[in-house]
Amino acid sequence: MKLTTTLAGSLCALMALSPIQKAFAQDIEYPTINLRFAQFINSTLPQSKNMQQWADRLKERSGGKITVEFFWSESLGGATELMDLVSAGAVDLVAPAPSYFPTELPLTNITQLPIVFPTAAAAQLLAEHLDNITGVQKENEDANVVPLFWTSIPPYHVLCNKPISTVSDFRGVRVRSYGEFVPRMWESIGAVPVTTTSPEVYEGLQRGLIDCSYLPNDFALAYKLHEVAKYYVDANFGAIIGWPIYLNRDVWESWPQEVRDLVKEVSAEAAQRDRDEMKLIGEEATKSLLDGGLELVVFQEPDALKVALPDMLALWTEQMTQRGLGEAAEAVAEATRARIAEAQE
């Protein structure tokens, strides 16, 4: 079965059901379905709570017939194993970081480029459009997954154990990094990228393995990084899409239409919650981090930083072209620019 649109992005009609139609939908006799959802993040993040609410509503609206069991904090597979697990059907659902899977999800990786999306809203707009693009559809099919909805992440900042207020202050500083493109960002300003998954950041700061974290503020708060860092640097490195919620495609195709329709409806609502809440969540997390003892460092050279950093969208397109994905990458890059412009209107 070939999907032609993002599931969560094609559900306006379902969400607009009349009260009579919704009452009828509640009378449907759903089959018993038990799903296993493997996560690398912990259960305290705002995005995690949204996923839990998604599962709770799925259970409620199916009359208790459809349940989701979560395995948080890498308890059923490491952060870099999730795509293999869901593709093979070892688990039913995952929420992977696309940048951890440059081979399996090269086009989808655009959602996690640093310094591209000025806001979470811009990143979410792209995510809702992304799976309409033929190259991304093929990528999902090859990975044997169906995207249900996306979570977005507020802009990234750095929390450090030394004050960083100018571009030159980054020279020689060991900063948390991941994927293909974040290291190139740090190297362009003389910082030393250190590959570190999200769950490893606390220990990295505590043991001096890294000097600065690189995470959005809601993550930093959930992982209690204010306990092991000293300074909050207000330089903005842009927002990203956090994780697509992927379902094993074989599982999806085994379901009757009424189950698919219900999952689509509940997924669309989860995506809307993300859009509605993420900006406020980021602002509240910033305040909590500073109230928790971090010292605010106002970055003095935002314009110089922007000039010093590379054009990540151009770098990504060049890299995809070298892999033989040039035409598909151009389509994705064009959609990205259009959605960023749309978000700024």
# chains A, B, ... in the order shown; residues from 1 in each chain; ligands from 1
call {"tool": "select_by_dssp", "arguments": {"residues": "stretch 132-344 of chain A", "states": "strand (DSSP E)", "output": "ChimeraX atom specification"}}
result
/A:145-153,156-160,174-177,192-195,212-216,231-233,240-248,295-297
call {"tool": "closest_atom_pairs", "arguments": {"of": "stretch 128-208 of chain A", "to": "stretch 47-67 of chain A", "cutoff": "9 Å", "atoms": "only C-alpha atoms", "output": "tab-separated table"}}
result
residue	atom	partner	partner_atom	distance
A:Thr151	CA	A:Gln47	CA	6.4
A:Ser152	CA	A:Gln47	CA	7.9
A:Ile153	CA	A:Gln47	CA	8.2
call {"tool": "residues_around", "arguments": {"residues": "A:Lys279", "least_positions_apart": "4", "cutoff": "10 Å", "atoms": "only C-alpha atoms", "output": "count of residues only"}}
result
11
call {"tool": "closest_residue", "arguments": {"among": "A:Asp291, A:Asp276, A:Glu318, A:Asp311", "to": "A:Gln124", "atoms": "only C-alpha atoms"}}
result
A:Asp276
call {"tool": "residues_around", "arguments": {"residues": "A:Phe299", "least_positions_apart": "4", "cutoff": "7 Å", "atoms": "only C-alpha atoms", "output": "MDAnalysis selection string"}}
result
chainID A and resid 165:166 233:235
call {"tool": "write_last_selection", "arguments": {"atoms": "N, CA, C and O atoms", "output": "mmCIF file, in the first residue's frame"}}
result
data_model
loop_
_atom_site.group_PDB
_atom_site.id
_atom_site.type_symbol
_atom_site.label_atom_id
_atom_site.label_comp_id
_atom_site.auth_asym_id
_atom_site.auth_seq_id
_atom_site.Cartn_x
_atom_site.Cartn_y
_atom_site.Cartn_z
ATOM 1 N N SER A 165 30.135 34.101 25.363
ATOM 2 C CA SER A 165 29.427 35.316 24.982
ATOM 3 C C SER A 165 29.827 35.858 23.615
ATOM 4 O O SER A 165 29.200 36.785 23.109
ATOM 5 N N THR A 166 30.873 35.284 22.999
ATOM 6 C CA THR A 166 31.309 35.708 21.668
ATOM 7 C C THR A 166 31.598 34.476 20.817
ATOM 8 O O THR A 166 31.740 33.368 21.332
ATOM 9 N N VAL A 233 23.380 30.077 27.880
ATOM 10 C CA VAL A 233 23.780 31.003 26.821
ATOM 11 C C VAL A 233 22.568 31.228 25.919
ATOM 12 O O VAL A 233 21.985 30.271 25.400
ATOM 13 N N ASP A 234 22.180 32.489 25.714
ATOM 14 C CA ASP A 234 20.915 32.746 25.020
ATOM 15 C C ASP A 234 21.031 32.767 23.496
ATOM 16 O O ASP A 234 20.063 33.091 22.805
ATOM 17 N N ALA A 235 22.176 32.391 22.926
ATOM 18 C CA ALA A 235 22.291 32.271 21.472
ATOM 19 C C ALA A 235 21.312 31.208 20.969
ATOM 20 O O ALA A 235 21.206 30.123 21.541
#
call {"tool": "residues_around", "arguments": {"residues": "A:Arg249", "least_positions_apart": "4", "cutoff": "7 Å", "atoms": "only C-alpha atoms", "output": "list in words"}}
result
Asn144, Val145, Val146 and Glu253 of chain A
call {"tool": "residues_around", "arguments": {"residues": "A:Leu85", "least_positions_apart": "2", "cutoff": "12 Å", "atoms": "only C-alpha atoms", "output": "PDB file with N, CA, C and O atoms, in the first residue's frame"}}
result
ATOM      1  N   ARG A  36       3.402  -2.194  21.112  1.00  0.00           N
ATOM      2  CA  ARG A  36       4.603  -1.899  21.906  1.00  0.00           C
ATOM      3  C   ARG A  36       5.333  -0.724  21.273  1.00  0.00           C
ATOM      4  O   ARG A  36       5.642  -0.742  20.083  1.00  0.00           O
ATOM      5  N   PHE A  37       5.598   0.291  22.084  1.00  0.00           N
ATOM      6  CA  PHE A  37       6.187   1.546  21.616  1.00  0.00           C
ATOM      7  C   PHE A  37       7.544   1.722  22.288  1.00  0.00           C
ATOM      8  O   PHE A  37       7.631   1.959  23.491  1.00  0.00           O
ATOM      9  N   ALA A  38       8.628   1.600  21.525  1.00  0.00           N
ATOM     10  CA  ALA A  38       9.989   1.737  22.058  1.00  0.00           C
ATOM     11  C   ALA A  38      10.464   3.178  21.929  1.00  0.00           C
ATOM     12  O   ALA A  38      10.358   3.796  20.866  1.00  0.00           O
ATOM     13  N   GLN A  39      10.999   3.717  23.021  1.00  0.00           N
ATOM     14  CA  GLN A  39      11.440   5.101  23.086  1.00  0.00           C
ATOM     15  C   GLN A  39      12.878   5.175  23.592  1.00  0.00           C
ATOM     16  O   GLN A  39      13.284   4.358  24.407  1.00  0.00           O
ATOM     17  N   LEU A  76      13.888  -0.823  25.703  1.00  0.00           N
ATOM     18  CA  LEU A  76      13.627  -1.866  24.714  1.00  0.00           C
ATOM     19  C   LEU A  76      14.351  -1.547  23.415  1.00  0.00           C
ATOM     20  O   LEU A  76      13.824  -1.698  22.329  1.00  0.00           O
ATOM     21  N   GLY A  77      15.594  -1.098  23.537  1.00  0.00           N
ATOM     22  CA  GLY A  77      16.391  -0.768  22.362  1.00  0.00           C
ATOM     23  C   GLY A  77      17.015   0.597  22.477  1.00  0.00           C
ATOM     24  O   GLY A  77      16.391   1.549  22.947  1.00  0.00           O
ATOM     25  N   GLY A  78      18.291   0.700  22.076  1.00  0.00           N
ATOM     26  CA  GLY A  78      19.019   1.948  22.159  1.00  0.00           C
ATOM     27  C   GLY A  78      18.556   2.961  21.135  1.00  0.00           C
ATOM     28  O   GLY A  78      17.835   2.634  20.174  1.00  0.00           O
ATOM     29  N   ALA A  79      18.984   4.205  21.312  1.00  0.00           N
ATOM     30  CA  ALA A  79      18.573   5.299  20.436  1.00  0.00           C
ATOM     31  C   ALA A  79      18.909   5.039  18.973  1.00  0.00           C
ATOM     32  O   ALA A  79      18.169   5.449  18.069  1.00  0.00           O
ATOM     33  N   THR A  80      20.013   4.354  18.721  1.00  0.00           N
ATOM     34  CA  THR A  80      20.434   4.098  17.347  1.00  0.00           C
ATOM     35  C   THR A  80      19.959   2.744  16.810  1.00  0.00           C
ATOM     36  O   THR A  80      20.348   2.339  15.721  1.00  0.00           O
ATOM     37  N   GLU A  81      19.095   2.076  17.564  1.00  0.00           N
ATOM     38  CA  GLU A  81      18.570   0.765  17.143  1.00  0.00           C
ATOM     39  C   GLU A  81      17.095   0.811  16.743  1.00  0.00           C
ATOM     40  O   GLU A  81      16.565  -0.178  16.237  1.00  0.00           O
ATOM     41  N   LEU A  82      16.438   1.933  16.983  1.00  0.00           N
ATOM     42  CA  LEU A  82      14.984   1.964  16.871  1.00  0.00           C
ATOM     43  C   LEU A  82      14.471   1.668  15.467  1.00  0.00           C
ATOM     44  O   LEU A  82      13.458   0.975  15.305  1.00  0.00           O
ATOM     45  N   MET A  83      15.124   2.190  14.447  1.00  0.00           N
ATOM     46  CA  MET A  83      14.637   1.947  13.088  1.00  0.00           C
ATOM     47  C   MET A  83      14.744   0.484  12.704  1.00  0.00           C
ATOM     48  O   MET A  83      13.841  -0.067  12.057  1.00  0.00           O
ATOM     49  N   SER A  87      11.365  -1.571  11.729  1.00  0.00           N
ATOM     50  CA  SER A  87      11.346  -2.074  10.353  1.00  0.00           C
ATOM     51  C   SER A  87      11.166  -3.586  10.318  1.00  0.00           C
ATOM     52  O   SER A  87      10.455  -4.128   9.472  1.00  0.00           O
ATOM     53  N   ALA A  88      11.805  -4.261  11.257  1.00  0.00           N
ATOM     54  CA  ALA A  88      11.734  -5.717  11.320  1.00  0.00           C
ATOM     55  C   ALA A  88      10.476  -6.215  12.028  1.00  0.00           C
ATOM     56  O   ALA A  88      10.199  -7.425  12.010  1.00  0.00           O
ATOM     57  N   GLY A  89       9.731  -5.307  12.659  1.00  0.00           N
ATOM     58  CA  GLY A  89       8.539  -5.720  13.376  1.00  0.00           C
ATOM     59  C   GLY A  89       8.808  -6.221  14.780  1.00  0.00           C
ATOM     60  O   GLY A  89       7.917  -6.800  15.411  1.00  0.00           O
ATOM     61  N   ALA A  90      10.021  -6.002  15.292  1.00  0.00           N
ATOM     62  CA  ALA A  90      10.325  -6.414  16.667  1.00  0.00           C
ATOM     63  C   ALA A  90       9.549  -5.558  17.671  1.00  0.00           C
ATOM     64  O   ALA A  90       9.266  -6.007  18.782  1.00  0.00           O
ATOM     65  N   VAL A  91       9.244  -4.304  17.286  1.00  0.00           N
ATOM     66  CA  VAL A  91       8.328  -3.446  18.038  1.00  0.00           C
ATOM     67  C   VAL A  91       7.354  -2.860  17.029  1.00  0.00           C
ATOM     68  O   VAL A  91       7.595  -2.879  15.812  1.00  0.00           O
ATOM     69  N   ASP A  92       6.253  -2.327  17.519  1.00  0.00           N
ATOM     70  CA  ASP A  92       5.230  -1.793  16.619  1.00  0.00           C
ATOM     71  C   ASP A  92       5.425  -0.318  16.320  1.00  0.00           C
ATOM     72  O   ASP A  92       5.147   0.139  15.200  1.00  0.00           O
ATOM     73  N   LEU A  93       5.876   0.436  17.312  1.00  0.00           N
ATOM     74  CA  LEU A  93       5.979   1.884  17.203  1.00  0.00           C
ATOM     75  C   LEU A  93       7.317   2.367  17.748  1.00  0.00           C
ATOM     76  O   LEU A  93       7.835   1.797  18.721  1.00  0.00           O
ATOM     77  N   VAL A  94       7.846   3.403  17.136  1.00  0.00           N
ATOM     78  CA  VAL A  94       9.048   4.063  17.648  1.00  0.00           C
ATOM     79  C   VAL A  94       8.928   5.560  17.382  1.00  0.00           C
ATOM     80  O   VAL A  94       8.132   5.997  16.542  1.00  0.00           O
ATOM     81  N   ALA A  95       9.732   6.335  18.091  1.00  0.00           N
ATOM     82  CA  ALA A  95       9.857   7.770  17.827  1.00  0.00           C
ATOM     83  C   ALA A  95      11.342   8.082  17.746  1.00  0.00           C
ATOM     84  O   ALA A  95      11.942   8.571  18.703  1.00  0.00           O
ATOM     85  N   PRO A  96      11.980   7.798  16.610  1.00  0.00           N
ATOM     86  CA  PRO A  96      13.435   7.950  16.505  1.00  0.00           C
ATOM     87  C   PRO A  96      13.853   9.374  16.158  1.00  0.00           C
ATOM     88  O   PRO A  96      13.076  10.153  15.599  1.00  0.00           O
ATOM     89  N   ALA A 143      11.886   1.704   4.557  1.00  0.00           N
ATOM     90  CA  ALA A 143      12.099   1.457   5.984  1.00  0.00           C
ATOM     91  C   ALA A 143      10.955   0.656   6.600  1.00  0.00           C
ATOM     92  O   ALA A 143      11.016   0.311   7.785  1.00  0.00           O
ATOM     93  N   ASN A 144       9.920   0.393   5.803  1.00  0.00           N
ATOM     94  CA  ASN A 144       8.754  -0.390   6.252  1.00  0.00           C
ATOM     95  C   ASN A 144       8.018   0.296   7.398  1.00  0.00           C
ATOM     96  O   ASN A 144       7.602  -0.336   8.364  1.00  0.00           O
ATOM     97  N   VAL A 145       7.852   1.627   7.273  1.00  0.00           N
ATOM     98  CA  VAL A 145       7.159   2.381   8.316  1.00  0.00           C
ATOM     99  C   VAL A 145       6.093   3.291   7.710  1.00  0.00           C
ATOM    100  O   VAL A 145       6.163   3.669   6.536  1.00  0.00           O
ATOM    101  N   TYR A 246       6.588   6.589  14.138  1.00  0.00           N
ATOM    102  CA  TYR A 246       6.515   5.608  13.071  1.00  0.00           C
ATOM    103  C   TYR A 246       5.836   4.335  13.554  1.00  0.00           C
ATOM    104  O   TYR A 246       6.152   3.812  14.627  1.00  0.00           O
ATOM    105  N   LEU A 247       4.950   3.809  12.712  1.00  0.00           N
ATOM    106  CA  LEU A 247       4.301   2.522  12.929  1.00  0.00           C
ATOM    107  C   LEU A 247       4.812   1.543  11.885  1.00  0.00           C
ATOM    108  O   LEU A 247       4.993   1.905  10.709  1.00  0.00           O
ATOM    109  N   ASN A 248       5.039   0.316  12.289  1.00  0.00           N
ATOM    110  CA  ASN A 248       5.429  -0.716  11.336  1.00  0.00           C
ATOM    111  C   ASN A 248       4.376  -0.823  10.238  1.00  0.00           C
ATOM    112  O   ASN A 248       3.175  -0.943  10.508  1.00  0.00           O
TER     113      ASN A 248
END
call {"tool": "closest_residue", "arguments": {"among": "A:Tyr202, A:Arg207, A:Lys162, A:Phe149", "to": "A:Val266", "atoms": "only C-alpha atoms"}}
result
A:Phe149
call {"tool": "atom_distance", "arguments": {"atom1": "atom CA of A:Asp169", "atom2": "atom CA of A:Val298"}}
result
12.8 Å
